[in-house]
$ cat run-v3.txt   # compact mmCIF, C-alpha atoms
# COMPACT_ATOMS: atom_id res chain seq x y z
CA MET W 1 -0.45 -14.50 5.56
CA ASP W 2 1.27 -12.32 3.10
CA GLY W 3 1.87 -8.62 2.85
CA SER W 4 -1.27 -7.97 0.85
CA THR W 5 -3.75 -8.45 3.70
CA ASP W 6 -2.66 -5.53 5.83
CA GLN W 7 -3.27 -2.90 3.17
CA ALA W 8 -5.48 0.11 3.66
CA PRO W 9 -9.18 -0.77 3.70
CA ALA W 10 -10.23 1.53 0.85
CA ARG W 11 -8.26 1.26 -2.34
CA ARG W 12 -5.22 -0.86 -2.51
CA ALA W 13 -2.19 0.34 -4.38
CA THR W 14 -1.90 -1.36 -7.76
CA GLY W 15 1.76 -2.12 -7.12
CA ALA W 16 1.30 -3.71 -3.71
CA GLY W 17 1.08 -7.35 -2.74
CA GLY W 18 0.39 -9.58 -5.72
CA GLY W 19 0.67 -6.49 -7.89
CA ARG W 20 4.43 -6.87 -7.53
CA LEU W 21 4.29 -9.96 -9.68
CA LEU W 22 2.22 -8.10 -12.27
CA VAL W 23 4.68 -5.21 -12.29
CA ALA W 24 7.61 -7.61 -12.62
CA VAL W 25 6.09 -9.48 -15.55
CA TYR W 26 5.08 -6.22 -17.22
CA GLY W 27 8.62 -5.00 -16.69
CA VAL W 28 10.10 -8.03 -18.41
CA LEU W 29 7.71 -7.65 -21.32
CA ALA W 30 8.40 -3.92 -21.51
CA LEU W 31 12.12 -4.61 -21.71
CA ALA W 32 11.73 -7.40 -24.25
CA ALA W 33 9.25 -5.58 -26.50
CA THR W 34 11.02 -2.23 -26.40
CA ALA W 35 14.42 -3.74 -27.11
CA ARG W 36 12.98 -5.73 -29.97
CA GLY W 37 11.05 -2.74 -31.31
CA LEU W 38 14.16 -0.55 -31.25
CA TYR W 39 16.12 -3.24 -33.02
CA GLN W 40 13.45 -3.67 -35.70
CA VAL W 41 12.94 0.04 -36.30
CA GLY W 42 16.68 0.63 -36.24
CA THR W 43 17.74 -2.10 -38.64
CA LYS W 44 14.89 -3.10 -40.95
CA LEU W 45 12.13 -0.52 -40.80
CA SER W 46 11.60 -0.59 -44.56
CA GLU W 47 10.69 -4.29 -44.59
CA ALA W 48 7.44 -3.79 -42.71
CA PRO W 49 7.20 -0.21 -41.42
CA LEU W 50 3.73 -0.47 -39.94
CA ALA W 51 4.43 -3.68 -38.06
CA TYR W 52 7.76 -2.55 -36.70
CA LEU W 53 6.54 0.88 -35.62
CA LEU W 54 3.64 -0.85 -33.89
CA SER W 55 6.14 -3.19 -32.30
CA LEU W 56 8.07 -0.26 -30.85
CA LEU W 57 4.86 1.46 -29.78
CA ALA W 58 3.76 -1.73 -28.04
CA GLY W 59 7.04 -1.82 -26.15
CA LEU W 60 6.72 1.80 -25.06
CA VAL W 61 3.15 1.24 -23.89
CA TYR W 62 4.35 -1.71 -21.84
CA VAL W 63 6.87 0.62 -20.23
CA VAL W 64 4.05 3.07 -19.46
CA ALA W 65 1.91 0.26 -18.05
CA THR W 66 4.77 -0.98 -15.88
CA VAL W 67 5.44 2.45 -14.43
CA ALA W 68 1.74 3.23 -13.97
CA LEU W 69 1.10 -0.03 -12.13
CA ALA W 70 4.18 0.37 -9.97
CA ARG W 71 3.37 3.98 -9.05
CA ASP W 72 -0.36 3.40 -8.59
CA LEU W 73 -1.25 5.77 -11.44
CA ARG W 74 -4.61 4.16 -11.92
CA ALA W 75 -6.06 6.06 -14.89
CA LEU W 76 -2.84 5.75 -16.85
CA ALA W 77 -2.64 2.05 -16.03
CA TRP W 78 -6.20 1.50 -17.25
CA ALA W 79 -5.45 3.26 -20.52
CA ALA W 80 -2.16 1.43 -21.12
CA VAL W 81 -3.51 -2.01 -20.28
CA ALA W 82 -6.64 -1.46 -22.38
CA PHE W 83 -4.45 -0.32 -25.27
CA GLU W 84 -2.49 -3.55 -25.05
CA LEU W 85 -5.64 -5.62 -25.01
CA VAL W 86 -6.87 -3.91 -28.18
CA GLY W 87 -3.39 -4.20 -29.67
CA VAL W 88 -2.86 -7.87 -29.04
CA LEU W 89 -6.35 -8.76 -30.24
CA GLY W 90 -6.17 -6.49 -33.29
CA VAL W 91 -2.64 -7.27 -34.42
CA GLY W 92 -3.06 -10.91 -33.43
CA THR W 93 -6.10 -11.22 -35.66
CA LEU W 94 -4.46 -9.33 -38.52
CA SER W 95 -1.36 -11.48 -38.32
CA VAL W 96 -3.41 -14.65 -38.51
CA VAL W 97 -5.76 -13.49 -41.27
CA ASP W 98 -3.31 -11.62 -43.46
CA VAL W 99 0.36 -12.32 -43.03
CA GLY W 100 1.27 -9.52 -45.44
CA ASP W 101 2.69 -6.69 -43.36
CA PHE W 102 2.79 -8.50 -40.04
CA PRO W 103 5.80 -10.76 -39.68
CA ASP W 104 5.86 -13.19 -36.79
CA GLU W 105 8.36 -11.05 -35.03
CA THR W 106 6.34 -8.49 -33.15
CA VAL W 107 5.24 -8.96 -29.59
CA TRP W 108 1.57 -9.05 -30.60
CA SER W 109 1.82 -11.24 -33.70
CA ARG W 110 -0.19 -14.46 -33.52
CA PHE W 111 -1.62 -13.27 -30.19
CA GLY W 112 1.82 -13.22 -28.62
CA ALA W 113 2.63 -16.87 -29.34
CA GLY W 114 6.32 -15.98 -29.56
CA TYR W 115 6.18 -14.87 -25.94
CA GLY W 116 4.28 -17.86 -24.60
CA TYR W 117 0.97 -15.99 -25.06
CA VAL W 118 1.93 -13.80 -22.11
CA PRO W 119 0.99 -10.65 -24.09
CA LEU W 120 -2.49 -12.10 -24.57
CA VAL W 121 -3.06 -13.12 -20.98
CA LEU W 122 -1.43 -10.15 -19.28
CA PRO W 123 -3.97 -7.42 -20.22
CA PHE W 124 -6.81 -9.54 -18.86
CA VAL W 125 -4.93 -10.10 -15.63
CA GLY W 126 -4.04 -6.42 -15.53
CA LEU W 127 -7.64 -5.27 -15.99
CA TRP W 128 -8.84 -7.76 -13.41
CA TRP W 129 -6.22 -6.55 -10.96
CA LEU W 130 -7.08 -2.87 -11.55
CA ARG W 131 -10.74 -3.64 -10.98
CA ARG W 132 -10.06 -5.67 -7.90
CA THR W 133 -7.73 -3.20 -6.24
CA GLY W 134 -9.93 -0.28 -7.28
CA ARG W 135 -13.00 -1.57 -5.52
CA SER W 136 -13.63 0.65 -2.52
CA ALA W 137 -14.77 -0.65 0.82
CA PRO W 138 -18.36 0.45 1.73
CA GLY W 139 -18.66 3.97 3.07
CA VAL W 140 -15.18 5.13 2.27
CA ASP W 141 -15.71 5.95 -1.39
CA ALA W 142 -14.63 9.57 -1.24
CA ALA W 143 -12.19 9.34 1.63
CA PRO W 144 -8.52 9.33 0.78
CA PRO W 145 -6.77 6.19 1.86
CA PRO W 146 -5.37 6.47 5.36
CA ALA W 147 -1.66 6.74 5.79
CA PRO W 148 -0.10 3.30 5.61
CA PRO W 149 1.02 1.92 8.95
CA ALA W 150 4.70 2.18 9.59
CA VAL W 151 6.21 -1.14 8.68
CA GLY W 152 9.67 -1.90 9.89
CA MET F 1 32.26 -24.47 -26.91
CA LEU F 2 29.31 -22.11 -26.97
CA VAL F 3 26.50 -24.58 -26.51
CA PRO F 4 27.80 -26.05 -23.22
CA LEU F 5 28.49 -22.55 -21.93
CA VAL F 6 24.98 -21.34 -22.74
CA LEU F 7 23.46 -24.47 -21.22
CA LEU F 8 25.59 -23.98 -18.10
CA VAL F 9 24.35 -20.41 -17.69
CA ALA F 10 20.76 -21.57 -18.25
CA ALA F 11 21.22 -24.29 -15.63
CA LEU F 12 22.60 -21.75 -13.14
CA CYS F 13 19.55 -19.56 -13.81
CA LEU F 14 17.19 -22.46 -13.23
CA ALA F 15 18.97 -23.30 -9.99
CA LEU F 16 18.58 -19.70 -8.86
CA ALA F 17 14.93 -19.81 -9.93
CA GLY F 18 14.41 -22.96 -7.89
CA TRP F 19 15.99 -21.30 -4.87
CA ALA F 20 13.73 -18.26 -5.33
CA LEU F 21 10.66 -20.49 -5.74
CA TRP F 22 11.47 -22.17 -2.47
CA PHE F 23 11.54 -18.75 -0.80
CA VAL F 24 8.23 -17.80 -2.42
CA VAL F 25 6.62 -20.92 -0.97
CA ALA F 26 8.24 -20.29 2.40
CA ASP F 27 7.00 -16.67 2.33
CA ARG F 28 10.45 -15.18 2.70
CA ALA F 29 12.18 -12.19 1.17
CA VAL F 30 15.30 -12.52 -0.92
CA VAL F 31 18.42 -12.96 1.21
CA LEU F 32 21.88 -11.65 0.44
CA ARG F 33 23.19 -15.13 -0.31
CA GLN F 34 20.75 -15.38 -3.23
CA LEU F 35 22.06 -12.11 -4.58
CA TRP F 36 25.55 -13.60 -4.50
CA GLY F 37 24.08 -16.46 -6.50
CA GLY F 38 22.70 -13.88 -8.90
CA ALA F 39 26.16 -12.31 -9.07
CA VAL F 40 27.61 -15.68 -10.09
CA VAL F 41 25.06 -15.89 -12.91
CA GLU F 42 25.88 -12.32 -13.89
CA GLY F 43 29.57 -13.18 -13.95
CA ALA F 44 28.85 -16.19 -16.15
CA LEU F 45 26.87 -13.91 -18.48
CA VAL F 46 29.83 -11.56 -18.77
CA VAL F 47 32.14 -14.50 -19.57
CA GLN F 48 29.61 -15.64 -22.14
CA ALA F 49 29.50 -12.17 -23.69
CA VAL F 50 33.30 -12.13 -24.00
CA VAL F 51 33.34 -15.60 -25.56
CA LEU F 52 30.58 -14.59 -27.98
CA ALA F 53 32.52 -11.48 -28.97
CA VAL F 54 35.69 -13.48 -29.58
CA VAL F 55 33.91 -16.22 -31.53
CA GLN F 56 31.99 -13.67 -33.56
CA ALA F 57 35.13 -11.67 -34.33
CA THR F 58 37.23 -14.66 -35.33
CA GLY F 59 34.66 -16.98 -36.89
CA ASP F 60 32.70 -16.70 -40.08
CA GLN F 61 29.36 -17.21 -38.36
CA ASP F 62 26.57 -15.45 -40.24
CA VAL F 63 24.70 -13.95 -37.35
CA ASP F 64 22.67 -10.78 -36.94
CA GLY F 65 24.94 -8.77 -34.64
CA TRP F 66 22.36 -6.21 -33.53
CA LEU F 67 19.90 -8.90 -32.60
CA LEU F 68 22.49 -10.99 -30.78
CA TRP F 69 23.93 -8.11 -28.79
CA GLY F 70 20.47 -6.75 -28.04
CA TYR F 71 19.80 -10.00 -26.25
CA VAL F 72 23.19 -10.08 -24.54
CA VAL F 73 22.82 -6.54 -23.19
CA THR F 74 19.18 -7.10 -22.16
CA GLN F 75 20.20 -10.23 -20.29
CA LEU F 76 22.77 -8.34 -18.28
CA LEU F 77 20.11 -5.87 -17.08
CA VAL F 78 17.54 -8.31 -15.71
CA LEU F 79 19.18 -9.66 -12.57
CA PRO F 80 20.53 -6.29 -11.32
CA LEU F 81 16.99 -4.93 -11.56
CA ALA F 82 15.71 -7.87 -9.51
CA ALA F 83 18.51 -7.26 -6.99
CA ALA F 84 17.57 -3.60 -6.68
CA TRP F 85 14.00 -4.71 -6.12
CA ALA F 86 15.12 -7.13 -3.41
CA PHE F 87 16.66 -4.26 -1.47
CA ALA F 88 13.58 -2.07 -1.81
CA GLU F 89 10.97 -4.70 -1.06
CA ARG F 90 11.53 -6.86 1.97
CA THR F 91 8.62 -9.25 1.47
CA ARG F 92 8.09 -12.54 -0.33
CA TRP F 93 7.31 -10.55 -3.47
CA SER F 94 10.99 -9.84 -3.89
CA SER F 95 11.41 -13.60 -4.18
CA VAL F 96 8.66 -13.69 -6.81
CA VAL F 97 10.50 -11.00 -8.75
CA LEU F 98 13.81 -12.88 -8.48
CA LEU F 99 12.03 -16.01 -9.71
CA VAL F 100 10.62 -14.17 -12.73
CA ALA F 101 14.02 -12.57 -13.43
CA ALA F 102 15.93 -15.86 -13.27
CA LEU F 103 13.42 -17.59 -15.55
CA THR F 104 13.64 -14.65 -17.96
CA VAL F 105 17.41 -14.94 -18.23
CA ALA F 106 17.12 -18.72 -18.71
CA PHE F 107 14.61 -18.13 -21.50
CA LEU F 108 16.85 -15.52 -23.12
CA GLU F 109 19.66 -18.09 -23.08
CA LEU F 110 17.54 -20.41 -25.18
CA ARG F 111 16.74 -17.57 -27.59
CA LEU F 112 20.47 -16.90 -27.79
CA LEU F 113 20.99 -20.48 -28.96
CA GLN F 114 18.36 -19.98 -31.68
CA ILE F 115 19.83 -16.66 -32.82
CA TRP F 116 23.30 -18.12 -33.03
CA GLY F 117 21.90 -21.10 -34.92
CA MET F 118 23.34 -23.60 -32.51
$ encode --input "run-v3.txt" --output "structure tokens"
Amino acid sequence: MDGSTDQAPARRATGAGGGRLLVAVYGVLALAATARGLYQVGTKLSEAPLAYLLSLLAGLVYVVATVALARDLRALAWAAVAFELVGVLGVGTLSVVDVGDFPDETVWSRFGAGYGYVPLVLPFVGLWWLRRTGRSAPGVDAAPPPAPPAVG
Amino acid sequence: MLVPLVLLVAALCLALAGWALWFVVADRAVVLRQLWGGAVVEGALVVQAVVLAVVQATGDQDVDGWLLWGYVVTQLLVLPLAAAWAFAERTRWSSVVLLVAALTVAFLELRLLQIWGM
């Protein structure tokens, strides 16, 4: 038994139970990508402006995704995670097809190979998790989730 | 000098990660003793930062300072965040977070080696 089985029957919070792991991994990626993006934009923007601005944007969207998942801001989390999926697929493809303006140094380049492909896998896991936790139990669609039981 | 130090810090991180993994399997929350372990790693990171600063200031190593110190500062943030999480979340998931954090710092240590060109 873990903490995730005693959640409210309707919707489960996106940050609860196994969602903690998701939030933690998103947090690490947010930190890594934002720090890298700031560094790139701050020191060598002129080398590849589009790639480095995208790099920073990617980092900021990871921050948004982390916060949205942690705070159970479902719509925002959907948007941020979907954005990352499009980003990693789009930039990943561009970086493989045309190396021109996409150095290997952004979080999405080569489908996130520099980060162990975590940026590629994470949006899929994130969308799956949002779908799974968002599924309502029968008959309680419109009802707000009951107050969580007091846990000592 | 630097390589053994970095490897030592990485080994400490992996030991902490192993400890956290054990707690994940055992379905336990992070205990204070693990946070002391994290504090030891954090202390080692500070020592490493000082050594890096001294070596960088005195040597003629051609290294990208912004990149290097971006990593050093980022590294210092990871474990305190996990510790804060451990206080807020008294379930096994705090152990998962500590595991992720310790592995992250270990990974950053390896990147540090690459950046320094060791």
$ interface_residues --input "run-v3.txt" --of "chain W" --to "chain F" --cutoff "9 Å" --atoms "all atoms listed in the file" --output "list in words"
Met1, Asp2, Gly3, Gly17, Gly18, Gly19, Arg20, Leu21, Val23, Ala24, Val25, Val28, Leu31, Ala32, Ala35, Arg36, Tyr39, Gln40 and Thr43 of chain W
$ closest_residue --input "run-v3.txt" --among "F:Val51, F:Leu68, F:Val105, F:Ala88" --to "Val3 in chain F" --atoms "all atoms listed in the file"
F:Val51
$ residues_around --input "run-v3.txt" --residues "range 108-117 of chain W" --least-positions-apart "2" --cutoff "6 Å" --atoms "all atoms listed in the file" --output "CSV table (one decimal) with C-alpha atoms, in the frame of the given file"
chain,number,residue,atom,x,y,z
W,88,VAL,CA,-2.9,-7.9,-29.0
W,91,VAL,CA,-2.6,-7.3,-34.4
W,92,GLY,CA,-3.1,-10.9,-33.4
W,95,SER,CA,-1.4,-11.5,-38.3
W,96,VAL,CA,-3.4,-14.6,-38.5
W,104,ASP,CA,5.9,-13.2,-36.8
W,106,THR,CA,6.3,-8.5,-33.2
W,119,PRO,CA,1.0,-10.6,-24.1
W,120,LEU,CA,-2.5,-12.1,-24.6
$ closest_residue --input "run-v3.txt" --among "W:Ser55, W:Thr93, W:Thr133, W:Thr66" --to "Glu105 in chain W" --atoms "all atoms listed in the file"
W:Ser55
$ closest_residue --input "run-v3.txt" --among "F:Val63, F:Ala102, F:Ala86, F:Ala49" --to "Gly18 in chain F" --atoms "only C-alpha atoms"
F:Ala102
$ closest_residue --input "run-v3.txt" --among "W:Gly37, W:Leu53, W:Gly126, W:Glu47" --to "Ala65 in chain W" --atoms "only C-alpha atoms"
W:Gly126
$ axis_aligned_box --input "run-v3.txt" --around "range 44-62 of chain F" --padding-each-side "3 Å" --output "AutoDock Vina command-line options"
--center_x 31.9 --center_y -14.3 --center_z -28.2 --size_x 16.7 --size_y 11.7 --size_z 30.1
$ residues_around --input "run-v3.txt" --residues "Leu52 in chain F" --least-positions-apart "3" --cutoff "10 Å" --atoms "all atoms listed in the file" --output "list in words"
Leu2, Val46, Val47, Gln48, Ala49, Val55, Gln56, Ala57, Thr58, Leu68, Trp69, Val72 and Trp116 of chain F
$ atom_distance --input "run-v3.txt" --atom1 "CA of Val40 in chain F" --atom2 "CA of Met1 in chain F"
19.5 Å
$ atom_distance --input "run-v3.txt" --atom1 "CA of Ala11 in chain F" --atom2 "CA of Val107 in chain W"
26.2 Å
$ atom_distance --input "run-v3.txt" --atom1 "CA of Gly27 in chain W" --atom2 "CA of Ala84 in chain F"
13.5 Å
$ closest_residue --input "run-v3.txt" --among "F:Ala44, F:Val9, F:Pro80, F:Gln34" --to "Leu21 in chain F" --atoms "only C-alpha atoms"
F:Gln34
$ residues_around --input "run-v3.txt" --residues "Gly117 in chain F" --least-positions-apart "2" --cutoff "10 Å" --atoms "only C-alpha atoms" --output "PyMOL selection string"
chain F and resi 61-63+111-115
$ residues_around --input "run-v3.txt" --residues "Val81 in chain W" --least-positions-apart "4" --cutoff "10 Å" --atoms "only C-alpha atoms" --output "JSON, numbers by chain"
{"W": [61, 62, 64, 65, 66, 68, 69, 76, 77, 85, 86, 87, 122, 123, 124, 125, 126, 127, 130]}
$ write_last_selection --input "run-v3.txt" --atoms "C-alpha atoms" --output "CSV table (one decimal), in the coordinates of the input"
chain,number,residue,atom,x,y,z
W,61,VAL,CA,3.2,1.2,-23.9
W,62,TYR,CA,4.4,-1.7,-21.8
W,64,VAL,CA,4.0,3.1,-19.5
W,65,ALA,CA,1.9,0.3,-18.0
W,66,THR,CA,4.8,-1.0,-15.9
W,68,ALA,CA,1.7,3.2,-14.0
W,69,LEU,CA,1.1,0.0,-12.1
W,76,LEU,CA,-2.8,5.8,-16.8
W,77,ALA,CA,-2.6,2.0,-16.0
W,85,LEU,CA,-5.6,-5.6,-25.0
W,86,VAL,CA,-6.9,-3.9,-28.2
W,87,GLY,CA,-3.4,-4.2,-29.7
W,122,LEU,CA,-1.4,-10.2,-19.3
W,123,PRO,CA,-4.0,-7.4,-20.2
W,124,PHE,CA,-6.8,-9.5,-18.9
W,125,VAL,CA,-4.9,-10.1,-15.6
W,126,GLY,CA,-4.0,-6.4,-15.5
W,127,LEU,CA,-7.6,-5.3,-16.0
W,130,LEU,CA,-7.1,-2.9,-11.6
$ build_atoms --input "run-v3.txt" --residues "range 106-136 of chain W" --atoms "N, CA and C atoms" --output "PDB file, in the coordinates of the input"
ATOM      1  N   THR W 106       6.702  -9.522 -34.106  1.00  0.00           N
ATOM      2  CA  THR W 106       6.340  -8.490 -33.150  1.00  0.00           C
ATOM      3  C   THR W 106       5.691  -9.142 -31.938  1.00  0.00           C
ATOM      4  N   VAL W 107       5.680  -8.401 -30.862  1.00  0.00           N
ATOM      5  CA  VAL W 107       5.240  -8.960 -29.590  1.00  0.00           C
ATOM      6  C   VAL W 107       3.772  -9.389 -29.652  1.00  0.00           C
ATOM      7  N   TRP W 108       3.000  -8.742 -30.543  1.00  0.00           N
ATOM      8  CA  TRP W 108       1.570  -9.050 -30.600  1.00  0.00           C
ATOM      9  C   TRP W 108       1.198 -10.039 -31.694  1.00  0.00           C
ATOM     10  N   SER W 109       2.146 -10.361 -32.573  1.00  0.00           N
ATOM     11  CA  SER W 109       1.820 -11.240 -33.700  1.00  0.00           C
ATOM     12  C   SER W 109       1.348 -12.598 -33.192  1.00  0.00           C
ATOM     13  N   ARG W 110       0.390 -13.168 -33.902  1.00  0.00           N
ATOM     14  CA  ARG W 110      -0.190 -14.460 -33.520  1.00  0.00           C
ATOM     15  C   ARG W 110      -0.550 -14.475 -32.029  1.00  0.00           C
ATOM     16  N   PHE W 111      -1.162 -13.383 -31.572  1.00  0.00           N
ATOM     17  CA  PHE W 111      -1.620 -13.270 -30.190  1.00  0.00           C
ATOM     18  C   PHE W 111      -0.498 -13.492 -29.184  1.00  0.00           C
ATOM     19  N   GLY W 112       0.707 -13.115 -29.562  1.00  0.00           N
ATOM     20  CA  GLY W 112       1.820 -13.220 -28.620  1.00  0.00           C
ATOM     21  C   GLY W 112       2.363 -14.616 -28.439  1.00  0.00           C
ATOM     22  N   ALA W 113       2.163 -15.480 -29.455  1.00  0.00           N
ATOM     23  CA  ALA W 113       2.630 -16.870 -29.340  1.00  0.00           C
ATOM     24  C   ALA W 113       4.135 -16.934 -29.113  1.00  0.00           C
ATOM     25  N   GLY W 114       4.876 -15.982 -29.713  1.00  0.00           N
ATOM     26  CA  GLY W 114       6.320 -15.980 -29.560  1.00  0.00           C
ATOM     27  C   GLY W 114       6.772 -15.688 -28.143  1.00  0.00           C
ATOM     28  N   TYR W 115       5.867 -15.181 -27.338  1.00  0.00           N
ATOM     29  CA  TYR W 115       6.180 -14.870 -25.940  1.00  0.00           C
ATOM     30  C   TYR W 115       5.327 -15.734 -25.009  1.00  0.00           C
ATOM     31  N   GLY W 116       5.037 -16.945 -25.452  1.00  0.00           N
ATOM     32  CA  GLY W 116       4.280 -17.860 -24.600  1.00  0.00           C
ATOM     33  C   GLY W 116       2.864 -17.361 -24.316  1.00  0.00           C
ATOM     34  N   TYR W 117       2.310 -16.569 -25.208  1.00  0.00           N
ATOM     35  CA  TYR W 117       0.970 -15.990 -25.060  1.00  0.00           C
ATOM     36  C   TYR W 117       0.846 -15.071 -23.845  1.00  0.00           C
ATOM     37  N   VAL W 118       1.976 -14.736 -23.246  1.00  0.00           N
ATOM     38  CA  VAL W 118       1.930 -13.800 -22.110  1.00  0.00           C
ATOM     39  C   VAL W 118       1.291 -12.468 -22.511  1.00  0.00           C
ATOM     40  N   PRO W 119       1.619 -11.922 -23.715  1.00  0.00           N
ATOM     41  CA  PRO W 119       0.990 -10.650 -24.090  1.00  0.00           C
ATOM     42  C   PRO W 119      -0.524 -10.739 -24.223  1.00  0.00           C
ATOM     43  N   LEU W 120      -1.039 -11.933 -24.468  1.00  0.00           N
ATOM     44  CA  LEU W 120      -2.490 -12.100 -24.570  1.00  0.00           C
ATOM     45  C   LEU W 120      -3.131 -12.173 -23.190  1.00  0.00           C
ATOM     46  N   VAL W 121      -2.487 -12.889 -22.301  1.00  0.00           N
ATOM     47  CA  VAL W 121      -3.060 -13.120 -20.980  1.00  0.00           C
ATOM     48  C   VAL W 121      -2.915 -11.891 -20.082  1.00  0.00           C
ATOM     49  N   LEU W 122      -1.767 -11.217 -20.220  1.00  0.00           N
ATOM     50  CA  LEU W 122      -1.430 -10.150 -19.280  1.00  0.00           C
ATOM     51  C   LEU W 122      -2.462  -9.013 -19.209  1.00  0.00           C
ATOM     52  N   PRO W 123      -2.988  -8.498 -20.345  1.00  0.00           N
ATOM     53  CA  PRO W 123      -3.970  -7.420 -20.220  1.00  0.00           C
ATOM     54  C   PRO W 123      -5.215  -7.830 -19.439  1.00  0.00           C
ATOM     55  N   PHE W 124      -5.644  -9.073 -19.612  1.00  0.00           N
ATOM     56  CA  PHE W 124      -6.810  -9.540 -18.860  1.00  0.00           C
ATOM     57  C   PHE W 124      -6.503  -9.564 -17.370  1.00  0.00           C
ATOM     58  N   VAL W 125      -5.338 -10.084 -17.037  1.00  0.00           N
ATOM     59  CA  VAL W 125      -4.930 -10.100 -15.630  1.00  0.00           C
ATOM     60  C   VAL W 125      -4.805  -8.678 -15.101  1.00  0.00           C
ATOM     61  N   GLY W 126      -4.231  -7.813 -15.939  1.00  0.00           N
ATOM     62  CA  GLY W 126      -4.040  -6.420 -15.530  1.00  0.00           C
ATOM     63  C   GLY W 126      -5.364  -5.723 -15.272  1.00  0.00           C
ATOM     64  N   LEU W 127      -6.336  -5.909 -16.175  1.00  0.00           N
ATOM     65  CA  LEU W 127      -7.640  -5.270 -15.990  1.00  0.00           C
ATOM     66  C   LEU W 127      -8.343  -5.821 -14.757  1.00  0.00           C
ATOM     67  N   TRP W 128      -8.237  -7.136 -14.585  1.00  0.00           N
ATOM     68  CA  TRP W 128      -8.840  -7.760 -13.410  1.00  0.00           C
ATOM     69  C   TRP W 128      -8.224  -7.195 -12.137  1.00  0.00           C
ATOM     70  N   TRP W 129      -6.924  -7.044 -12.145  1.00  0.00           N
ATOM     71  CA  TRP W 129      -6.220  -6.550 -10.960  1.00  0.00           C
ATOM     72  C   TRP W 129      -6.609  -5.101 -10.668  1.00  0.00           C
ATOM     73  N   LEU W 130      -6.699  -4.280 -11.743  1.00  0.00           N
ATOM     74  CA  LEU W 130      -7.080  -2.870 -11.550  1.00  0.00           C
ATOM     75  C   LEU W 130      -8.491  -2.777 -10.977  1.00  0.00           C
ATOM     76  N   ARG W 131      -9.373  -3.633 -11.463  1.00  0.00           N
ATOM     77  CA  ARG W 131     -10.740  -3.640 -10.980  1.00  0.00           C
ATOM     78  C   ARG W 131     -10.793  -4.070  -9.511  1.00  0.00           C
ATOM     79  N   ARG W 132     -10.047  -5.102  -9.233  1.00  0.00           N
ATOM     80  CA  ARG W 132     -10.060  -5.670  -7.900  1.00  0.00           C
ATOM     81  C   ARG W 132      -9.465  -4.701  -6.868  1.00  0.00           C
ATOM     82  N   THR W 133      -8.345  -4.105  -7.205  1.00  0.00           N
ATOM     83  CA  THR W 133      -7.730  -3.200  -6.240  1.00  0.00           C
ATOM     84  C   THR W 133      -8.477  -1.875  -6.185  1.00  0.00           C
ATOM     85  N   GLY W 134      -9.233  -1.558  -7.242  1.00  0.00           N
ATOM     86  CA  GLY W 134      -9.930  -0.280  -7.280  1.00  0.00           C
ATOM     87  C   GLY W 134     -11.251  -0.291  -6.556  1.00  0.00           C
ATOM     88  N   ARG W 135     -11.719  -1.469  -6.198  1.00  0.00           N
ATOM     89  CA  ARG W 135     -13.000  -1.570  -5.520  1.00  0.00           C
ATOM     90  C   ARG W 135     -12.881  -0.983  -4.114  1.00  0.00           C
ATOM     91  N   SER W 136     -13.717   0.010  -3.829  1.00  0.00           N
ATOM     92  CA  SER W 136     -13.630   0.650  -2.520  1.00  0.00           C
ATOM     93  C   SER W 136     -14.440  -0.125  -1.494  1.00  0.00           C
TER      94      SER W 136
END
